[in-house]
Amino acid sequence: MQPAIHHSWDISEQEAIALQRDLASKVIRTDELEPVTLVAGVDVAYSKHSNTLVAAVAVLDAASGELVETVSIQDQEQFPYIPGLFSFRELPPIIKAFEQLSSTPQLVVCDGQGLAHPRRFGLACHLGVLFDIPTIGCGKSRLIGQETEPDKERGSITPLVDEGEVIGAALRTQTGIKPIYVSIGHKISLPTACQWVLELSPNYRLPETTRFSDQAVRKVIKDLEMGTP
């Protein structure tokens, strides 16, 4: 898979913010999904002892939930740690991982935010716009916004609101377990995004896409820290 849009990654903080604001206008907030047979998850982890980061893309069969393919990439940090600009650190290795996939997913679930971002352009939006692919932001914690506590039952949802705008949802994927935060990335509506995340989370709090991609990056990081080639 190759990006449909390219831009420089060697930019300043001010240039990155301006680019976010420009690209945010390209985010499509309605459903433009093809039939989804393959769904991917992406995750990034950082080495504790170097400036190495690891990105992984895990592709699953949408119907069975079985793992089809995993690609992991090691890279060096190129952009400083600045809240709200994490996609500029994490997307370069994610893009390299996507370029090595032999399969083509029709939907991507990101371990991070989409519209639930100060400039409405989190990692899921950035990835979706660059590849022109439907994406979902699925965060373990809230970045911005306020919500009321969803009911305790699996599937309960409450809106995540910032400055009067619904930017996402708090979704209870398992009864009695704390919710996760779902937001539009690109080419998908919020109700459809929540439906997909719930379907991808049959047994655990996090969707299987996130679990598989997280396991992949953790394995590489562990091997790096143990000195395994």
# chains A, B, ... in the order shown; residues from 1 in each chain; ligands from 1
$ closest_atom_pairs --of "stretch 61-143 of chain A" --to "stretch 28-44 of chain A" --cutoff "10 Å" --atoms "only C-alpha atoms" --output "JSON lines"
{"residue": "A:Asp61", "atom": "CA", "partner": "A:Leu38", "partner_atom": "CA", "distance": 4.9}
{"residue": "A:Ala62", "atom": "CA", "partner": "A:Leu38", "partner_atom": "CA", "distance": 5.1}
{"residue": "A:Ala63", "atom": "CA", "partner": "A:Thr37", "partner_atom": "CA", "distance": 6.9}
{"residue": "A:Ser64", "atom": "CA", "partner": "A:Thr37", "partner_atom": "CA", "distance": 9.7}
{"residue": "A:Gly65", "atom": "CA", "partner": "A:Val39", "partner_atom": "CA", "distance": 8.9}
{"residue": "A:Glu66", "atom": "CA", "partner": "A:Leu38", "partner_atom": "CA", "distance": 9.9}
{"residue": "A:Leu67", "atom": "CA", "partner": "A:Ala40", "partner_atom": "CA", "distance": 9.5}
{"residue": "A:Val68", "atom": "CA", "partner": "A:Leu38", "partner_atom": "CA", "distance": 8.4}
{"residue": "A:Glu69", "atom": "CA", "partner": "A:Ala40", "partner_atom": "CA", "distance": 9.2}
{"residue": "A:Thr70", "atom": "CA", "partner": "A:Ala40", "partner_atom": "CA", "distance": 9.2}
{"residue": "A:Val71", "atom": "CA", "partner": "A:Val42", "partner_atom": "CA", "distance": 9.8}
{"residue": "A:Ser72", "atom": "CA", "partner": "A:Val44", "partner_atom": "CA", "distance": 9.5}
{"residue": "A:Ile73", "atom": "CA", "partner": "A:Val44", "partner_atom": "CA", "distance": 9.4}
{"residue": "A:Gln74", "atom": "CA", "partner": "A:Val44", "partner_atom": "CA", "distance": 9.8}
{"residue": "A:Arg89", "atom": "CA", "partner": "A:Val44", "partner_atom": "CA", "distance": 9.6}
{"residue": "A:Glu90", "atom": "CA", "partner": "A:Val44", "partner_atom": "CA", "distance": 6.6}
{"residue": "A:Leu91", "atom": "CA", "partner": "A:Val44", "partner_atom": "CA", "distance": 9.0}
{"residue": "A:Pro93", "atom": "CA", "partner": "A:Val44", "partner_atom": "CA", "distance": 8.5}
{"residue": "A:Ile94", "atom": "CA", "partner": "A:Val42", "partner_atom": "CA", "distance": 7.4}
{"residue": "A:Ala97", "atom": "CA", "partner": "A:Val42", "partner_atom": "CA", "distance": 9.4}
{"residue": "A:Phe98", "atom": "CA", "partner": "A:Val42", "partner_atom": "CA", "distance": 9.5}
{"residue": "A:Ser103", "atom": "CA", "partner": "A:Leu38", "partner_atom": "CA", "distance": 8.3}
{"residue": "A:Thr104", "atom": "CA", "partner": "A:Leu38", "partner_atom": "CA", "distance": 7.2}
{"residue": "A:Pro105", "atom": "CA", "partner": "A:Leu38", "partner_atom": "CA", "distance": 4.6}
{"residue": "A:Gln106", "atom": "CA", "partner": "A:Val36", "partner_atom": "CA", "distance": 5.3}
{"residue": "A:Leu107", "atom": "CA", "partner": "A:Val39", "partner_atom": "CA", "distance": 4.9}
{"residue": "A:Val108", "atom": "CA", "partner": "A:Ala40", "partner_atom": "CA", "distance": 4.6}
{"residue": "A:Val109", "atom": "CA", "partner": "A:Gly41", "partner_atom": "CA", "distance": 4.8}
{"residue": "A:Cys110", "atom": "CA", "partner": "A:Val42", "partner_atom": "CA", "distance": 5.2}
{"residue": "A:Asp111", "atom": "CA", "partner": "A:Asp43", "partner_atom": "CA", "distance": 5.6}
{"residue": "A:Gly112", "atom": "CA", "partner": "A:Asp43", "partner_atom": "CA", "distance": 8.3}
{"residue": "A:Leu115", "atom": "CA", "partner": "A:Arg29", "partner_atom": "CA", "distance": 9.2}
{"residue": "A:Ala124", "atom": "CA", "partner": "A:Val42", "partner_atom": "CA", "distance": 9.5}
{"residue": "A:Cys125", "atom": "CA", "partner": "A:Ile28", "partner_atom": "CA", "distance": 9.1}
{"residue": "A:Gly128", "atom": "CA", "partner": "A:Ile28", "partner_atom": "CA", "distance": 9.3}
{"residue": "A:Val129", "atom": "CA", "partner": "A:Ile28", "partner_atom": "CA", "distance": 8.6}
{"residue": "A:Asp132", "atom": "CA", "partner": "A:Ile28", "partner_atom": "CA", "distance": 9.7}
{"residue": "A:Ile133", "atom": "CA", "partner": "A:Leu33", "partner_atom": "CA", "distance": 8.3}
{"residue": "A:Pro134", "atom": "CA", "partner": "A:Leu33", "partner_atom": "CA", "distance": 6.4}
{"residue": "A:Thr135", "atom": "CA", "partner": "A:Ala40", "partner_atom": "CA", "distance": 9.3}
{"residue": "A:Ile136", "atom": "CA", "partner": "A:Gly41", "partner_atom": "CA", "distance": 9.6}
{"residue": "A:Cys138", "atom": "CA", "partner": "A:Gly41", "partner_atom": "CA", "distance": 10.0}
$ write_last_selection --atoms "C-alpha atoms" --output "PDB file, in the first residue's frame"
ATOM      1  CA  ASP A  61      -9.964 -11.367   8.603  1.00  0.00           C
ATOM      2  CA  ALA A  62     -12.983  -9.205   9.367  1.00  0.00           C
ATOM      3  CA  ALA A  63     -15.397 -12.140   9.595  1.00  0.00           C
ATOM      4  CA  SER A  64     -13.382 -14.615  11.670  1.00  0.00           C
ATOM      5  CA  GLY A  65     -11.021 -12.289  13.526  1.00  0.00           C
ATOM      6  CA  GLU A  66      -8.095 -14.517  12.538  1.00  0.00           C
ATOM      7  CA  LEU A  67      -4.693 -12.941  11.967  1.00  0.00           C
ATOM      8  CA  VAL A  68      -3.807 -12.751   8.274  1.00  0.00           C
ATOM      9  CA  GLU A  69      -0.551 -10.808   8.268  1.00  0.00           C
ATOM     10  CA  THR A  70       1.718  -8.749  10.520  1.00  0.00           C
ATOM     11  CA  VAL A  71       4.455  -6.311   9.515  1.00  0.00           C
ATOM     12  CA  SER A  72       6.764  -4.675  12.061  1.00  0.00           C
ATOM     13  CA  ILE A  73       9.195  -1.841  11.325  1.00  0.00           C
ATOM     14  CA  GLN A  74      12.021  -0.378  13.403  1.00  0.00           C
ATOM     15  CA  ARG A  89       6.656  10.886  15.191  1.00  0.00           C
ATOM     16  CA  GLU A  90       4.683   7.734  14.554  1.00  0.00           C
ATOM     17  CA  LEU A  91       3.414   7.855  10.984  1.00  0.00           C
ATOM     18  CA  PRO A  93       7.381   3.983  10.409  1.00  0.00           C
ATOM     19  CA  ILE A  94       3.669   3.140  10.091  1.00  0.00           C
ATOM     20  CA  ALA A  97       4.979  -0.950   7.455  1.00  0.00           C
ATOM     21  CA  PHE A  98       1.962  -0.401   5.200  1.00  0.00           C
ATOM     22  CA  SER A 103      -2.691  -7.687   1.678  1.00  0.00           C
ATOM     23  CA  THR A 104      -4.896  -4.590   1.411  1.00  0.00           C
ATOM     24  CA  PRO A 105      -7.243  -3.851   4.317  1.00  0.00           C
ATOM     25  CA  GLN A 106     -10.414  -1.867   3.705  1.00  0.00           C
ATOM     26  CA  LEU A 107     -10.514  -0.427   7.246  1.00  0.00           C
ATOM     27  CA  VAL A 108      -7.829   0.551   9.763  1.00  0.00           C
ATOM     28  CA  VAL A 109      -8.261   0.877  13.535  1.00  0.00           C
ATOM     29  CA  CYS A 110      -5.587   3.062  15.126  1.00  0.00           C
ATOM     30  CA  ASP A 111      -4.398   2.880  18.710  1.00  0.00           C
ATOM     31  CA  GLY A 112      -4.856   6.615  19.127  1.00  0.00           C
ATOM     32  CA  LEU A 115     -11.277  13.720  15.584  1.00  0.00           C
ATOM     33  CA  ALA A 124      -6.220   8.158  12.722  1.00  0.00           C
ATOM     34  CA  CYS A 125      -7.257  11.180  10.655  1.00  0.00           C
ATOM     35  CA  GLY A 128      -6.712   7.989   6.749  1.00  0.00           C
ATOM     36  CA  VAL A 129      -6.215  11.157   4.709  1.00  0.00           C
ATOM     37  CA  ASP A 132      -7.369   7.768   1.472  1.00  0.00           C
ATOM     38  CA  ILE A 133      -8.680   4.827   3.493  1.00  0.00           C
ATOM     39  CA  PRO A 134     -11.401   4.512   6.151  1.00  0.00           C
ATOM     40  CA  THR A 135      -9.873   4.757   9.619  1.00  0.00           C
ATOM     41  CA  ILE A 136     -11.053   4.744  13.222  1.00  0.00           C
ATOM     42  CA  CYS A 138      -9.588   4.042  19.270  1.00  0.00           C
TER      43      CYS A 138
END
$ residues_around --residues "A:Pro191" --least-positions-apart "3" --cutoff "12 Å" --atoms "only C-alpha atoms" --output "PyMOL selection string"
chain A and resi 29-31+136+155+157-159+166-171+182-184+188+194-198
$ residues_around --residues "A:Phe121" --least-positions-apart "4" --cutoff "8 Å" --atoms "only C-alpha atoms" --output "PyMOL selection string"
chain A and resi 20-21+23-24+114-117+125-126
$ write_last_selection --atoms "all heavy atoms" --output "JSON list (two decimals), in the first residue's frame"
[["chain", "number", "residue", "atom", "x", "y", "z"],
["A", 20, "GLN", "N", -1.55, 20.21, 9.96],
["A", 20, "GLN", "CA", -2.71, 19.56, 10.55],
["A", 20, "GLN", "C", -3.99, 20.31, 10.23],
["A", 20, "GLN", "O", -5.00, 19.71, 9.82],
["A", 20, "GLN", "CB", -2.57, 19.46, 12.07],
["A", 20, "GLN", "CG", -1.67, 18.34, 12.56],
["A", 20, "GLN", "CD", -1.69, 18.25, 14.07],
["A", 20, "GLN", "OE1", -1.87, 19.24, 14.77],
["A", 20, "GLN", "NE2", -1.49, 17.05, 14.58],
["A", 21, "ARG", "N", -3.96, 21.61, 10.39],
["A", 21, "ARG", "CA", -5.16, 22.42, 10.14],
["A", 21, "ARG", "C", -5.57, 22.35, 8.67],
["A", 21, "ARG", "O", -6.76, 22.33, 8.35],
["A", 21, "ARG", "CB", -4.91, 23.85, 10.59],
["A", 21, "ARG", "CG", -4.85, 23.98, 12.12],
["A", 21, "ARG", "CD", -4.52, 25.38, 12.56],
["A", 21, "ARG", "NE", -4.66, 25.50, 14.02],
["A", 21, "ARG", "CZ", -3.95, 26.32, 14.78],
["A", 21, "ARG", "NH1", -3.04, 27.11, 14.22],
["A", 21, "ARG", "NH2", -4.14, 26.37, 16.08],
["A", 23, "LEU", "N", -4.84, 19.79, 6.48],
["A", 23, "LEU", "CA", -5.30, 18.44, 6.13],
["A", 23, "LEU", "C", -6.60, 18.07, 6.84],
["A", 23, "LEU", "O", -7.35, 17.22, 6.34],
["A", 23, "LEU", "CB", -4.21, 17.42, 6.46],
["A", 23, "LEU", "CG", -2.93, 17.48, 5.61],
["A", 23, "LEU", "CD1", -1.92, 16.45, 6.10],
["A", 23, "LEU", "CD2", -3.25, 17.27, 4.14],
["A", 24, "ALA", "N", -6.88, 18.70, 7.99],
["A", 24, "ALA", "CA", -8.12, 18.41, 8.71],
["A", 24, "ALA", "C", -9.34, 18.71, 7.85],
["A", 24, "ALA", "O", -10.40, 18.08, 8.01],
["A", 24, "ALA", "CB", -8.17, 19.21, 10.01],
["A", 114, "GLY", "N", -8.66, 10.15, 16.64],
["A", 114, "GLY", "CA", -9.02, 10.67, 15.34],
["A", 114, "GLY", "C", -9.45, 12.12, 15.50],
["A", 114, "GLY", "O", -8.64, 13.00, 15.76],
["A", 115, "LEU", "N", -10.76, 12.36, 15.39],
["A", 115, "LEU", "CA", -11.28, 13.72, 15.58],
["A", 115, "LEU", "C", -11.16, 14.18, 17.03],
["A", 115, "LEU", "O", -11.23, 15.39, 17.29],
["A", 115, "LEU", "CB", -12.74, 13.80, 15.16],
["A", 115, "LEU", "CG", -13.07, 13.77, 13.66],
["A", 115, "LEU", "CD1", -14.56, 13.93, 13.46],
["A", 115, "LEU", "CD2", -12.31, 14.86, 12.91],
["A", 116, "ALA", "N", -11.02, 13.26, 17.96],
["A", 116, "ALA", "CA", -10.93, 13.62, 19.38],
["A", 116, "ALA", "C", -9.54, 14.18, 19.68],
["A", 116, "ALA", "O", -8.74, 13.61, 20.44],
["A", 116, "ALA", "CB", -11.24, 12.41, 20.25],
["A", 117, "HIS", "N", -9.27, 15.32, 19.09],
["A", 117, "HIS", "CA", -7.94, 15.93, 19.07],
["A", 117, "HIS", "C", -8.15, 17.44, 19.05],
["A", 117, "HIS", "O", -9.13, 17.93, 18.48],
["A", 117, "HIS", "CB", -7.21, 15.45, 17.81],
["A", 117, "HIS", "CG", -5.84, 16.02, 17.62],
["A", 117, "HIS", "ND1", -5.63, 17.25, 17.02],
["A", 117, "HIS", "CD2", -4.62, 15.52, 17.91],
["A", 117, "HIS", "CE1", -4.33, 17.48, 16.96],
["A", 117, "HIS", "NE2", -3.69, 16.46, 17.50],
["A", 125, "CYS", "N", -6.90, 10.28, 11.76],
["A", 125, "CYS", "CA", -7.26, 11.18, 10.65],
["A", 125, "CYS", "C", -6.09, 11.33, 9.69],
["A", 125, "CYS", "O", -6.26, 11.28, 8.46],
["A", 125, "CYS", "CB", -7.68, 12.55, 11.19],
["A", 125, "CYS", "SG", -9.15, 12.56, 12.21],
["A", 126, "HIS", "N", -4.91, 11.55, 10.24],
["A", 126, "HIS", "CA", -3.71, 11.77, 9.43],
["A", 126, "HIS", "C", -3.45, 10.55, 8.54],
["A", 126, "HIS", "O", -3.24, 10.68, 7.33],
["A", 126, "HIS", "CB", -2.53, 12.02, 10.37],
["A", 126, "HIS", "CG", -1.40, 12.78, 9.74],
["A", 126, "HIS", "ND1", -0.48, 13.49, 10.48],
["A", 126, "HIS", "CD2", -1.01, 12.92, 8.45],
["A", 126, "HIS", "CE1", 0.39, 14.05, 9.67],
["A", 126, "HIS", "NE2", 0.11, 13.71, 8.43]]
$ closest_residue --among "A:Lys187, A:Ala58, A:Glu99, A:Leu127" --to "A:Phe86" --atoms "only C-alpha atoms"
A:Leu127
$ closest_residue --among "A:Thr148, A:Gln215, A:Thr210, A:Gln76" --to "A:Ser47" --atoms "only C-alpha atoms"
A:Gln76
$ select_by_dssp --residues "stretch 1-221 of chain A" --states "helix (DSSP H, G or I)" --output "ChimeraX atom specification"
/A:13-24,87-99,123-131,190-199,208-221
$ select_by_dssp --residues "stretch 41-183 of chain A" --states "strand (DSSP E or B)" --output "ChimeraX atom specification"
/A:41-46,52-61,67-76,107-110,135-139,146,157-162,165-171,180-183
$ closest_residue --among "A:His49, A:Lys219, A:Arg172, A:Arg119" --to "A:Ile17" --atoms "only C-alpha atoms"
A:Arg119
$ residues_around --residues "A:Arg154" --least-positions-apart "3" --cutoff "10 Å" --atoms "only C-alpha atoms" --output "list in words"
Pro150, Asp151, Ile157, Leu171, Arg172, Thr173, Gln174, Thr175, Gly176, Ile177, Pro179, Leu198, Pro202 and Arg205 of chain A
$ closest_residue --among "A:Asp223, A:Glu15, A:Asp162, A:Glu199" --to "A:Pro118" --atoms "only C-alpha atoms"
A:Asp162
$ atom_distance --atom1 "atom CA of A:Arg120" --atom2 "atom CA of A:Glu149"
22.6 Å
$ atom_distance --atom1 "atom CA of A:Val27" --atom2 "atom CA of A:His186"
5.4 Å
